[in-house]
Structure formats: structure tokens, C-alpha cells
$ cat protein.cif   # mmCIF, C-alpha atoms
data_work
loop_
_atom_site.label_atom_id
_atom_site.label_comp_id
_atom_site.auth_asym_id
_atom_site.auth_seq_id
_atom_site.Cartn_x
_atom_site.Cartn_y
_atom_site.Cartn_z
CA MET A 1401 20.96 45.92 -59.70
CA ALA A 1402 17.69 47.79 -60.22
CA GLU A 1403 16.58 50.32 -57.64
CA MET A 1404 13.75 49.38 -55.26
CA ARG A 1405 11.74 51.11 -52.60
CA LEU A 1406 13.49 51.24 -49.25
CA GLN A 1407 10.74 49.36 -47.39
CA LYS A 1408 10.86 46.56 -49.98
CA PHE A 1409 14.66 46.40 -49.62
CA LEU A 1410 14.35 46.02 -45.83
CA ALA A 1411 11.74 43.30 -46.21
CA ARG A 1412 13.83 41.41 -48.76
CA ALA A 1413 16.80 41.64 -46.41
CA GLY A 1414 14.77 39.97 -43.66
CA VAL A 1415 14.73 42.98 -41.33
CA ALA A 1416 10.96 43.13 -41.00
CA SER A 1417 7.70 42.85 -42.89
CA ARG A 1418 7.10 45.67 -45.35
CA ARG A 1419 4.60 47.34 -43.01
CA HIS A 1420 7.00 47.15 -40.05
CA ALA A 1421 9.79 48.42 -42.32
CA GLU A 1422 7.65 51.47 -43.09
CA ALA A 1423 7.26 52.08 -39.36
CA LEU A 1424 11.03 51.84 -38.86
CA ILE A 1425 11.58 54.37 -41.65
CA ALA A 1426 8.95 56.80 -40.33
CA ALA A 1427 10.47 56.61 -36.83
CA GLY A 1428 13.91 57.59 -38.13
CA HIS A 1429 15.66 54.27 -37.50
CA VAL A 1430 16.92 53.87 -41.08
CA THR A 1431 19.83 55.60 -42.78
CA VAL A 1432 20.92 55.57 -46.43
CA ASN A 1433 24.53 56.50 -47.06
CA GLY A 1434 24.74 57.88 -43.53
CA ALA A 1435 21.66 60.14 -43.75
CA VAL A 1436 18.41 59.44 -41.88
CA VAL A 1437 15.55 58.77 -44.29
CA THR A 1438 11.89 59.10 -43.33
CA GLU A 1439 10.26 59.45 -46.76
CA MET A 1440 8.28 56.39 -47.90
CA GLY A 1441 9.03 57.00 -51.57
CA THR A 1442 12.78 56.69 -51.13
CA THR A 1443 14.46 54.21 -53.46
CA VAL A 1444 17.85 52.55 -53.05
CA ASP A 1445 20.28 50.73 -55.28
CA PRO A 1446 21.23 47.57 -53.35
CA SER A 1447 24.56 47.35 -55.17
CA ALA A 1448 25.61 50.94 -54.47
CA ASP A 1449 23.81 52.39 -51.43
CA ALA A 1450 24.74 51.72 -47.80
CA VAL A 1451 21.62 51.04 -45.75
CA ALA A 1452 21.61 50.66 -41.96
CA VAL A 1453 18.97 50.18 -39.25
CA ASP A 1454 19.92 51.70 -35.90
CA GLY A 1455 23.50 51.77 -37.13
CA VAL A 1456 23.60 48.10 -38.15
CA PRO A 1457 24.38 47.62 -41.87
CA VAL A 1458 21.74 45.78 -43.89
CA ALA A 1459 22.30 43.99 -47.19
CA LEU A 1460 20.41 41.62 -49.42
CA PRO A 1461 21.52 38.00 -49.57
CA GLU A 1462 23.92 37.57 -52.47
CA GLU A 1463 21.64 34.98 -54.04
CA GLY A 1464 18.12 34.15 -52.96
CA ALA A 1465 17.14 30.58 -52.23
CA THR A 1466 14.14 28.75 -50.81
CA PHE A 1467 14.09 25.14 -49.58
CA MET A 1468 11.56 22.67 -48.25
CA LEU A 1469 12.63 20.40 -45.41
CA HIS A 1470 10.94 17.15 -44.42
CA LYS A 1471 11.15 17.75 -40.68
CA PRO A 1472 11.29 14.65 -38.46
CA ALA A 1473 9.89 14.51 -34.95
CA GLY A 1474 12.17 15.60 -32.12
CA TYR A 1475 13.57 18.81 -33.63
CA VAL A 1476 12.62 22.32 -32.49
CA THR A 1477 12.07 25.00 -35.13
CA THR A 1478 14.83 27.41 -34.24
CA MET A 1479 18.34 28.03 -35.50
CA SER A 1480 19.84 27.62 -32.03
CA ASP A 1481 18.47 26.45 -28.72
CA PRO A 1482 19.79 27.51 -25.30
CA GLN A 1483 18.43 24.27 -23.80
CA GLY A 1484 20.57 22.19 -26.12
CA ARG A 1485 17.68 20.46 -27.90
CA PRO A 1486 18.14 19.27 -31.50
CA THR A 1487 17.22 22.06 -33.92
CA VAL A 1488 16.16 22.14 -37.56
CA ALA A 1489 19.41 23.99 -38.31
CA ALA A 1490 21.24 20.70 -37.78
CA LEU A 1491 19.26 19.25 -40.69
CA MET A 1492 20.14 22.17 -42.97
CA THR A 1493 23.93 22.27 -42.70
CA GLY A 1494 24.46 21.87 -46.45
CA PRO A 1495 22.01 24.56 -47.55
CA LEU A 1496 23.16 26.88 -44.75
CA ALA A 1497 26.76 26.55 -45.88
CA ALA A 1498 25.73 27.85 -49.30
CA TYR A 1499 23.07 30.30 -48.07
CA PRO A 1500 23.84 31.45 -44.50
CA ALA A 1501 20.84 33.83 -44.47
CA LEU A 1502 18.28 31.00 -44.61
CA PHE A 1503 15.63 31.09 -41.91
CA PRO A 1504 12.52 28.95 -41.25
CA VAL A 1505 9.16 30.28 -42.42
CA GLY A 1506 6.97 29.86 -39.36
CA ARG A 1507 7.42 26.79 -37.19
CA LEU A 1508 6.40 23.24 -36.55
CA ASP A 1509 6.45 22.10 -32.94
CA ALA A 1510 8.97 19.46 -31.94
CA ASP A 1511 6.52 16.56 -32.23
CA THR A 1512 5.12 17.59 -35.63
CA THR A 1513 6.67 16.27 -38.84
CA GLY A 1514 6.48 17.33 -42.45
CA LEU A 1515 6.95 20.35 -44.69
CA LEU A 1516 8.93 23.26 -43.28
CA LEU A 1517 10.03 26.07 -45.61
CA PHE A 1518 13.33 27.93 -45.37
CA THR A 1519 14.12 31.07 -47.36
CA THR A 1520 16.62 33.91 -47.60
CA ASP A 1521 13.83 36.23 -48.80
CA GLY A 1522 12.42 38.13 -45.85
CA GLU A 1523 9.60 39.64 -47.90
CA LEU A 1524 8.48 36.20 -49.08
CA GLY A 1525 8.67 34.73 -45.59
CA HIS A 1526 6.71 37.55 -43.98
CA GLY A 1527 4.13 37.50 -46.78
CA LEU A 1528 3.47 33.78 -46.42
CA LEU A 1529 2.83 34.20 -42.68
CA HIS A 1530 0.83 37.44 -42.82
CA PRO A 1531 -2.67 36.82 -41.39
CA ARG A 1532 -4.28 38.75 -44.24
CA ARG A 1533 -2.87 36.38 -46.85
CA HIS A 1534 -4.73 33.33 -45.47
CA VAL A 1535 -2.20 30.89 -46.94
CA ASP A 1536 -3.49 27.34 -46.51
CA LYS A 1537 -1.48 24.72 -44.62
CA THR A 1538 -2.65 21.11 -44.90
CA TYR A 1539 -2.07 18.60 -42.09
CA LEU A 1540 -2.64 14.89 -41.70
CA ALA A 1541 -3.38 13.80 -38.14
CA LEU A 1542 -3.63 10.44 -36.43
CA VAL A 1543 -6.12 10.97 -33.62
CA GLU A 1544 -7.71 9.02 -30.81
CA GLY A 1545 -11.09 7.61 -31.81
CA ARG A 1546 -13.07 8.56 -34.91
CA LEU A 1547 -14.56 11.93 -35.76
CA ASN A 1548 -18.29 12.00 -36.46
CA ASP A 1549 -20.19 14.48 -38.62
CA TYR A 1550 -20.76 16.82 -35.68
CA ASP A 1551 -17.03 16.92 -34.86
CA LEU A 1552 -16.18 17.71 -38.48
CA ARG A 1553 -18.85 20.41 -38.67
CA ARG A 1554 -17.43 22.14 -35.58
CA LEU A 1555 -13.99 22.24 -37.19
CA ARG A 1556 -15.41 23.50 -40.49
CA GLU A 1557 -17.48 26.23 -38.88
CA GLY A 1558 -14.80 27.36 -36.42
CA LEU A 1559 -14.72 26.79 -32.68
CA MET A 1560 -13.65 28.60 -29.54
CA LEU A 1561 -10.15 28.04 -28.15
CA ASP A 1562 -8.58 29.66 -25.12
CA ASP A 1563 -7.08 32.40 -27.33
CA GLY A 1564 -10.29 33.11 -29.25
CA PRO A 1565 -12.41 31.66 -32.06
CA THR A 1566 -10.78 29.88 -34.99
CA LEU A 1567 -11.50 30.63 -38.61
CA PRO A 1568 -13.40 27.93 -40.51
CA ALA A 1569 -11.08 25.06 -41.43
CA GLY A 1570 -11.17 22.33 -44.00
CA ALA A 1571 -11.66 18.99 -42.25
CA ARG A 1572 -12.44 15.49 -43.44
CA SER A 1573 -11.96 11.96 -42.22
CA LEU A 1574 -9.69 9.76 -44.33
CA VAL A 1575 -10.78 6.25 -45.21
CA GLY A 1576 -9.78 3.56 -47.65
CA ASP A 1577 -6.81 4.37 -49.88
CA GLU A 1578 -6.46 7.86 -48.39
CA ALA A 1579 -6.22 6.47 -44.87
CA ARG A 1580 -3.65 3.91 -45.98
CA ARG A 1581 -1.64 6.67 -47.64
CA ALA A 1582 -1.79 8.75 -44.45
CA GLU A 1583 -0.66 5.71 -42.48
CA ARG A 1584 2.35 5.31 -44.76
CA LEU A 1585 3.23 8.99 -44.36
CA ILE A 1586 2.86 9.38 -40.62
CA GLY A 1587 2.08 6.01 -39.11
CA SER A 1588 5.72 5.37 -38.26
CA ASP A 1589 5.76 8.63 -36.30
CA ALA A 1590 2.88 7.58 -34.05
CA ALA A 1591 5.33 5.89 -31.67
CA ALA A 1592 7.89 8.70 -31.87
CA SER A 1593 5.77 11.82 -31.40
CA GLY A 1594 2.68 13.05 -29.61
CA ARG A 1595 1.96 13.52 -25.96
CA ARG A 1596 4.49 11.30 -24.23
CA GLN A 1597 3.10 11.14 -20.72
CA ARG A 1598 -0.44 10.30 -21.73
CA HIS A 1599 0.51 7.61 -24.21
CA GLY A 1600 2.85 5.91 -21.80
CA GLY A 1601 5.97 5.25 -23.83
CA LYS A 1602 6.72 3.90 -27.28
CA ARG A 1603 4.81 0.61 -27.01
CA GLY A 1604 1.77 2.30 -25.47
CA ARG A 1605 1.61 4.89 -28.25
CA ALA A 1606 2.03 2.24 -30.93
CA ALA A 1607 -0.86 0.26 -29.46
CA LEU A 1608 -3.03 3.37 -29.26
CA ALA A 1609 -2.28 4.19 -32.90
CA GLY A 1610 -4.08 1.00 -33.93
CA LYS A 1611 -7.29 2.30 -32.29
CA GLY A 1612 -7.13 5.74 -33.88
CA SER A 1613 -8.18 7.21 -37.20
CA TYR A 1614 -6.78 9.66 -39.74
CA VAL A 1615 -8.11 13.11 -40.52
CA GLU A 1616 -7.03 15.90 -42.86
CA VAL A 1617 -7.18 19.47 -41.54
CA ARG A 1618 -6.56 22.54 -43.69
CA LEU A 1619 -5.94 25.87 -41.93
CA CYS A 1620 -5.53 29.39 -43.25
CA GLU A 1621 -4.17 30.69 -39.94
CA GLY A 1622 -1.27 29.57 -37.80
CA ARG A 1623 -1.64 29.90 -34.06
CA LYS A 1624 0.54 27.94 -31.68
CA ARG A 1625 -0.27 24.21 -31.72
CA GLN A 1626 -3.58 25.09 -33.33
CA VAL A 1627 -4.38 21.79 -35.06
CA ARG A 1628 -3.65 19.86 -31.87
CA ARG A 1629 -5.80 22.20 -29.78
CA MET A 1630 -8.71 22.11 -32.26
CA LEU A 1631 -8.78 18.33 -32.39
CA GLU A 1632 -8.47 18.14 -28.59
CA ALA A 1633 -11.44 20.53 -28.34
CA VAL A 1634 -13.67 18.15 -30.34
CA GLY A 1635 -12.59 15.19 -28.19
CA HIS A 1636 -9.98 13.56 -30.42
CA PRO A 1637 -6.45 14.27 -29.15
CA VAL A 1638 -3.62 14.00 -31.66
CA ILE A 1639 -1.28 11.02 -31.56
CA ALA A 1640 0.87 12.14 -34.51
CA LEU A 1641 0.73 15.20 -36.76
CA HIS A 1642 2.27 15.77 -40.20
CA ARG A 1643 2.19 18.86 -42.44
CA GLU A 1644 1.70 17.74 -46.01
CA ALA A 1645 1.34 21.05 -47.87
CA PHE A 1646 2.04 24.76 -47.53
CA GLY A 1647 0.12 26.92 -49.99
CA PRO A 1648 0.67 25.48 -53.50
CA LEU A 1649 3.51 23.18 -52.46
CA GLU A 1650 3.29 19.55 -51.37
CA LEU A 1651 6.10 17.74 -49.60
CA GLY A 1652 6.02 14.90 -52.09
CA ASP A 1653 8.82 12.36 -51.90
CA VAL A 1654 11.42 14.41 -50.00
CA PRO A 1655 12.98 11.89 -47.57
CA ARG A 1656 12.53 12.47 -43.85
CA GLY A 1657 15.34 14.66 -42.48
CA GLU A 1658 16.37 15.95 -45.92
CA ALA A 1659 15.71 19.14 -47.87
CA ARG A 1660 15.52 20.17 -51.50
CA GLN A 1661 15.77 23.57 -53.13
CA LEU A 1662 12.62 24.88 -54.77
CA THR A 1663 12.52 25.53 -58.48
CA ASP A 1664 11.99 29.03 -59.87
CA ALA A 1665 8.41 28.04 -60.78
CA GLU A 1666 7.72 26.87 -57.22
CA VAL A 1667 9.10 30.10 -55.75
CA ALA A 1668 6.99 32.11 -58.20
CA ALA A 1669 3.91 30.18 -57.08
CA LEU A 1670 4.70 30.98 -53.43
CA ARG A 1671 5.09 34.65 -54.31
CA GLU A 1672 1.59 34.63 -55.80
CA PHE A 1673 0.23 33.44 -52.47
CA ALA A 1674 2.37 35.88 -50.46
CA SER A 1675 1.49 39.02 -52.44
#
$ encode --input "protein.cif" --output "C-alpha cells"
Amino acid sequence: MAEMRLQKFLARAGVASRRHAEALIAAGHVTVNGAVVTEMGTTVDPSADAVAVDGVPVALPEEGATFMLHKPAGYVTTMSDPQGRPTVAALMTGPLAAYPALFPVGRLDADTTGLLLFTTDGELGHGLLHPRRHVDKTYLALVEGRLNDYDLRRLREGLMLDDGPTLPAGARSLVGDEARRAERLIGSDAAASGRRQRHGGKRGRAALAGKGSYVEVRLCEGRKRQVRRMLEAVGHPVIALHREAFGPLELGDVPRGEARQLTDAEVAALREFAS
């Protein structure tokens, strides 16, 4: 295997982002073949050199792989949960058997459905989430009421949340064929996700869904529950939320609860966005 810079090796192995890997090296936490290395220009041969961080051996996954999962509602984005809630790992048993190093790229909250990426490539995962990359994520939301031009302008220009101002977002109401498509994609989740106390049970949420409207929101940042909080801030709380796209990738026809491995071309396209 070709040599690579030590910080790139650590990022590929999923230890940290490349910048954090550089900090670990500079602080003397990394050894190569038993010797502490602090030089940024150090290269390693992954097939021959023994690399460790704080004494813990680090290796690249034997074979890289990236998957997209169509996440259903009701699953938390973690590989294990001390509270015993269903996790996305339970939906990835087949891929995890073949690629145990897979981890989710970012998260979708339990009530949100749609595209969730998994990869063994730490550098790719960190790059896609880095705030400087501004990788777009596209969401379809079923909301209470109907957004007017002023509501949409506030989303597009950025608005103030409790953790600071948002960056400008893409936002548009969906009507006609686009609304019907959104209904097919997420309408069945309106009675299975969302804010349970307010909507008063499955039948109450289903009834409320008939009075709502669909909107597309495109973000280039990823704060906790950001789409929900933005739409709440303009007076249109979310009933159901679905992520349709991540960067250049669309979920397409992947069945709910199932995953498919990305092609080499799709992974290459993600790398373009992450670099």
C-alpha cells in the first residue's frame, strides 16, 4: 500500500478529523513503530508501520465502504443506546457484518426519516460534516399551516435561533405534482413521527396532516434539530420531516428500513464535496 501522511492515515482510520489528528500528533499522543512522532511531514505505510494513539493501535479498515440507509421513524442515530431504544445499527446488521468499522455520518433525530450515510472512511465522514465545506442537505417537511412569502424570505435570509443566527437556507413551498410527490414520500410518516404530545396520538396527527402543507428546506449547516426549530420559529411547526438528499446524492427508491452500498462514482462525488 502506498505511503500517506500520518494525519491523513489517522483521519482515514476514523480517529479524528485531519486537523484534530494534527493536534494529536503535535501533542505527542501518536507513535509509529513505538516511537513518538510530532513532525507533520511524517509518512507511514499502512501495511507495514504500527501506528498507535495513546497506546491504542490504529489501523485502516481492510476495505472501505459507504452506504445510504433509508431511516424510518423511531430509530435513534447511534450504534448502541443505554436506554434501550431502537438504533440505526439494528437496520445495518448485514453491512456491519461485512464492514464492522461502519459509522453514521452525522445524525437524524428519532422522528426524522430519510437518507442517512454510513462509511468506514473517517476522513470522508469528517469532511462531509465540516462546517467549512457547507455540504447541502435537502429536507421535505410536512408543516402546520401554509408558509407565506414573508415566512419563506425569513428562512432564505437566515433567522435567529436560541443558539445563534442561521445561515441562509433554500426554502420553497411545494404545490401540485411536487406536493403530491412529497406526500407519497413522507405522508405515511405524518402519523408515526413528529411531536407526540401536541398532536395527540396517531389519529390526531393524521387529521392534522390533512390541514398542513409541504415545504422543501435546503441547509448547508447541521445544528441539532435545526430544520424543526427554523420552521417553528416562522410559525409552522413540523409534523413530519424527511431528508431527501445529502450533497450530490438522493435517496431515490431505497426502501424504508433498507440500505444500499454506494458505487465508486457516488463515493467519488462525495469526496469532491468533502475536500
$ closest_residue --input "protein.cif" --among "A:Gly1657, A:Leu1585, A:Val1456, A:Thr1663" --to "Thr1493 (chain A)" --atoms "all atoms listed in the file"
A:Gly1657
$ resolve_selection --input "protein.cif" --expression "the PyMOL selection byres ((chain A and resi 1664-1669) around 10)" --output "number ranges by chain"
A: 1465-1467, 1519, 1524, 1647-1649, 1661-1663, 1670-1674
$ write_last_selection --input "protein.cif" --atoms "C-alpha atoms" --output "PDB file, keeping the file's coordinate frame"
ATOM      1  CA  ALA A1465      17.140  30.580 -52.230  1.00  0.00           C
ATOM      2  CA  THR A1466      14.140  28.750 -50.810  1.00  0.00           C
ATOM      3  CA  PHE A1467      14.090  25.140 -49.580  1.00  0.00           C
ATOM      4  CA  THR A1519      14.120  31.070 -47.360  1.00  0.00           C
ATOM      5  CA  LEU A1524       8.480  36.200 -49.080  1.00  0.00           C
ATOM      6  CA  GLY A1647       0.120  26.920 -49.990  1.00  0.00           C
ATOM      7  CA  PRO A1648       0.670  25.480 -53.500  1.00  0.00           C
ATOM      8  CA  LEU A1649       3.510  23.180 -52.460  1.00  0.00           C
ATOM      9  CA  GLN A1661      15.770  23.570 -53.130  1.00  0.00           C
ATOM     10  CA  LEU A1662      12.620  24.880 -54.770  1.00  0.00           C
ATOM     11  CA  THR A1663      12.520  25.530 -58.480  1.00  0.00           C
ATOM     12  CA  LEU A1670       4.700  30.980 -53.430  1.00  0.00           C
ATOM     13  CA  ARG A1671       5.090  34.650 -54.310  1.00  0.00           C
ATOM     14  CA  GLU A1672       1.590  34.630 -55.800  1.00  0.00           C
ATOM     15  CA  PHE A1673       0.230  33.440 -52.470  1.00  0.00           C
ATOM     16  CA  ALA A1674       2.370  35.880 -50.460  1.00  0.00           C
TER      17      ALA A1674
END
$ residues_around --input "protein.cif" --residues "Gly1414 (chain A)" --least-positions-apart "2" --cutoff "7 Å" --atoms "all atoms listed in the file" --output "MDAnalysis selection string"
chainID A and resid 1410:1412 1416 1521:1523
$ atom_distance --input "protein.cif" --atom1 "CA of Pro1495 (chain A)" --atom2 "CA of Ala1659 (chain A)"
8.3 Å
$ residues_around --input "protein.cif" --residues "Pro1568 (chain A)" --least-positions-apart "2" --cutoff "7 Å" --atoms "all atoms listed in the file" --output "PyMOL selection string"
chain A and resi 1555-1558+1566+1570
$ resolve_selection --input "protein.cif" --expression "the PyMOL selection byres ((chain A and resi 1615) around 12)" --output "PDB file with C-alpha atoms, in the frame of the given file"
ATOM      1  CA  THR A1538      -2.650  21.110 -44.900  1.00  0.00           C
ATOM      2  CA  TYR A1539      -2.070  18.600 -42.090  1.00  0.00           C
ATOM      3  CA  LEU A1540      -2.640  14.890 -41.700  1.00  0.00           C
ATOM      4  CA  ALA A1541      -3.380  13.800 -38.140  1.00  0.00           C
ATOM      5  CA  LEU A1542      -3.630  10.440 -36.430  1.00  0.00           C
ATOM      6  CA  VAL A1543      -6.120  10.970 -33.620  1.00  0.00           C
ATOM      7  CA  GLU A1544      -7.710   9.020 -30.810  1.00  0.00           C
ATOM      8  CA  GLY A1545     -11.090   7.610 -31.810  1.00  0.00           C
ATOM      9  CA  ARG A1546     -13.070   8.560 -34.910  1.00  0.00           C
ATOM     10  CA  LEU A1547     -14.560  11.930 -35.760  1.00  0.00           C
ATOM     11  CA  ASN A1548     -18.290  12.000 -36.460  1.00  0.00           C
ATOM     12  CA  ASP A1551     -17.030  16.920 -34.860  1.00  0.00           C
ATOM     13  CA  LEU A1552     -16.180  17.710 -38.480  1.00  0.00           C
ATOM     14  CA  LEU A1555     -13.990  22.240 -37.190  1.00  0.00           C
ATOM     15  CA  GLY A1570     -11.170  22.330 -44.000  1.00  0.00           C
ATOM     16  CA  ALA A1571     -11.660  18.990 -42.250  1.00  0.00           C
ATOM     17  CA  ARG A1572     -12.440  15.490 -43.440  1.00  0.00           C
ATOM     18  CA  SER A1573     -11.960  11.960 -42.220  1.00  0.00           C
ATOM     19  CA  LEU A1574      -9.690   9.760 -44.330  1.00  0.00           C
ATOM     20  CA  VAL A1575     -10.780   6.250 -45.210  1.00  0.00           C
ATOM     21  CA  GLU A1578      -6.460   7.860 -48.390  1.00  0.00           C
ATOM     22  CA  ALA A1579      -6.220   6.470 -44.870  1.00  0.00           C
ATOM     23  CA  ARG A1580      -3.650   3.910 -45.980  1.00  0.00           C
ATOM     24  CA  ARG A1581      -1.640   6.670 -47.640  1.00  0.00           C
ATOM     25  CA  ALA A1582      -1.790   8.750 -44.450  1.00  0.00           C
ATOM     26  CA  GLU A1583      -0.660   5.710 -42.480  1.00  0.00           C
ATOM     27  CA  ILE A1586       2.860   9.380 -40.620  1.00  0.00           C
ATOM     28  CA  GLY A1612      -7.130   5.740 -33.880  1.00  0.00           C
ATOM     29  CA  SER A1613      -8.180   7.210 -37.200  1.00  0.00           C
ATOM     30  CA  TYR A1614      -6.780   9.660 -39.740  1.00  0.00           C
ATOM     31  CA  GLU A1616      -7.030  15.900 -42.860  1.00  0.00           C
ATOM     32  CA  VAL A1617      -7.180  19.470 -41.540  1.00  0.00           C
ATOM     33  CA  ARG A1618      -6.560  22.540 -43.690  1.00  0.00           C
ATOM     34  CA  VAL A1627      -4.380  21.790 -35.060  1.00  0.00           C
ATOM     35  CA  ARG A1628      -3.650  19.860 -31.870  1.00  0.00           C
ATOM     36  CA  LEU A1631      -8.780  18.330 -32.390  1.00  0.00           C
ATOM     37  CA  HIS A1636      -9.980  13.560 -30.420  1.00  0.00           C
ATOM     38  CA  PRO A1637      -6.450  14.270 -29.150  1.00  0.00           C
ATOM     39  CA  VAL A1638      -3.620  14.000 -31.660  1.00  0.00           C
ATOM     40  CA  ILE A1639      -1.280  11.020 -31.560  1.00  0.00           C
ATOM     41  CA  ALA A1640       0.870  12.140 -34.510  1.00  0.00           C
ATOM     42  CA  LEU A1641       0.730  15.200 -36.760  1.00  0.00           C
ATOM     43  CA  HIS A1642       2.270  15.770 -40.200  1.00  0.00           C
ATOM     44  CA  ARG A1643       2.190  18.860 -42.440  1.00  0.00           C
TER      45      ARG A1643
END
$ residues_near_point --input "protein.cif" --point "(13.4, 18.6, -35.8)" --cutoff "7 Å" --atoms "only C-alpha atoms" --output "list in words"
Lys1471, Pro1472, Ala1473, Gly1474, Tyr1475, Val1476, Thr1477, Pro1486, Thr1487, Val1488 and Ala1510 of chain A
$ write_last_selection --input "protein.cif" --atoms "C-alpha atoms" --output "PDB file, in the coordinates of the input"
ATOM      1  CA  LYS A1471      11.150  17.750 -40.680  1.00  0.00           C
ATOM      2  CA  PRO A1472      11.290  14.650 -38.460  1.00  0.00           C
ATOM      3  CA  ALA A1473       9.890  14.510 -34.950  1.00  0.00           C
ATOM      4  CA  GLY A1474      12.170  15.600 -32.120  1.00  0.00           C
ATOM      5  CA  TYR A1475      13.570  18.810 -33.630  1.00  0.00           C
ATOM      6  CA  VAL A1476      12.620  22.320 -32.490  1.00  0.00           C
ATOM      7  CA  THR A1477      12.070  25.000 -35.130  1.00  0.00           C
ATOM      8  CA  PRO A1486      18.140  19.270 -31.500  1.00  0.00           C
ATOM      9  CA  THR A1487      17.220  22.060 -33.920  1.00  0.00           C
ATOM     10  CA  VAL A1488      16.160  22.140 -37.560  1.00  0.00           C
ATOM     11  CA  ALA A1510       8.970  19.460 -31.940  1.00  0.00           C
TER      12      ALA A1510
END
$ closest_residue --input "protein.cif" --among "A:Ala1490, A:Ala1498, A:Leu1561, A:Met1468" --to "Ala1645 (chain A)" --atoms "all atoms listed in the file"
A:Met1468
$ atom_distance --input "protein.cif" --atom1 "CA of Phe1518 (chain A)" --atom2 "CA of Leu1491 (chain A)"
11.5 Å
$ residues_around --input "protein.cif" --residues "Met1404 (chain A)" --least-positions-apart "6" --cutoff "7 Å" --atoms "all atoms listed in the file" --output "list in words"
Thr1443, Val1444 and Asp1445 of chain A
$ atom_distance --input "protein.cif" --atom1 "CA of Ala1452 (chain A)" --atom2 "CA of Val1437 (chain A)"
10.4 Å
$ residues_around --input "protein.cif" --residues "Arg1625 (chain A)" --least-positions-apart "2" --cutoff "10 Å" --atoms "all atoms listed in the file" --output "PyMOL selection string"
chain A and resi 1507-1509+1512+1622-1623+1627-1630
$ closest_residue --input "protein.cif" --among "A:Arg1405, A:His1470, A:Arg1656, A:Arg1553" --to "Val1634 (chain A)" --atoms "all atoms listed in the file"
A:Arg1553
$ closest_residue --input "protein.cif" --among "A:Ile1425, A:Cys1620, A:Leu1469, A:Ala1569" --to "Arg1532 (chain A)" --atoms "only C-alpha atoms"
A:Cys1620
$ closest_residue --input "protein.cif" --among "A:His1530, A:His1429, A:Arg1485, A:Arg1554" --to "Ser1417 (chain A)" --atoms "only C-alpha atoms"
A:His1530
$ closest_residue --input "protein.cif" --among "A:Arg1584, A:Leu1406, A:Glu1632, A:Leu1502" --to "Val1451 (chain A)" --atoms "only C-alpha atoms"
A:Leu1406
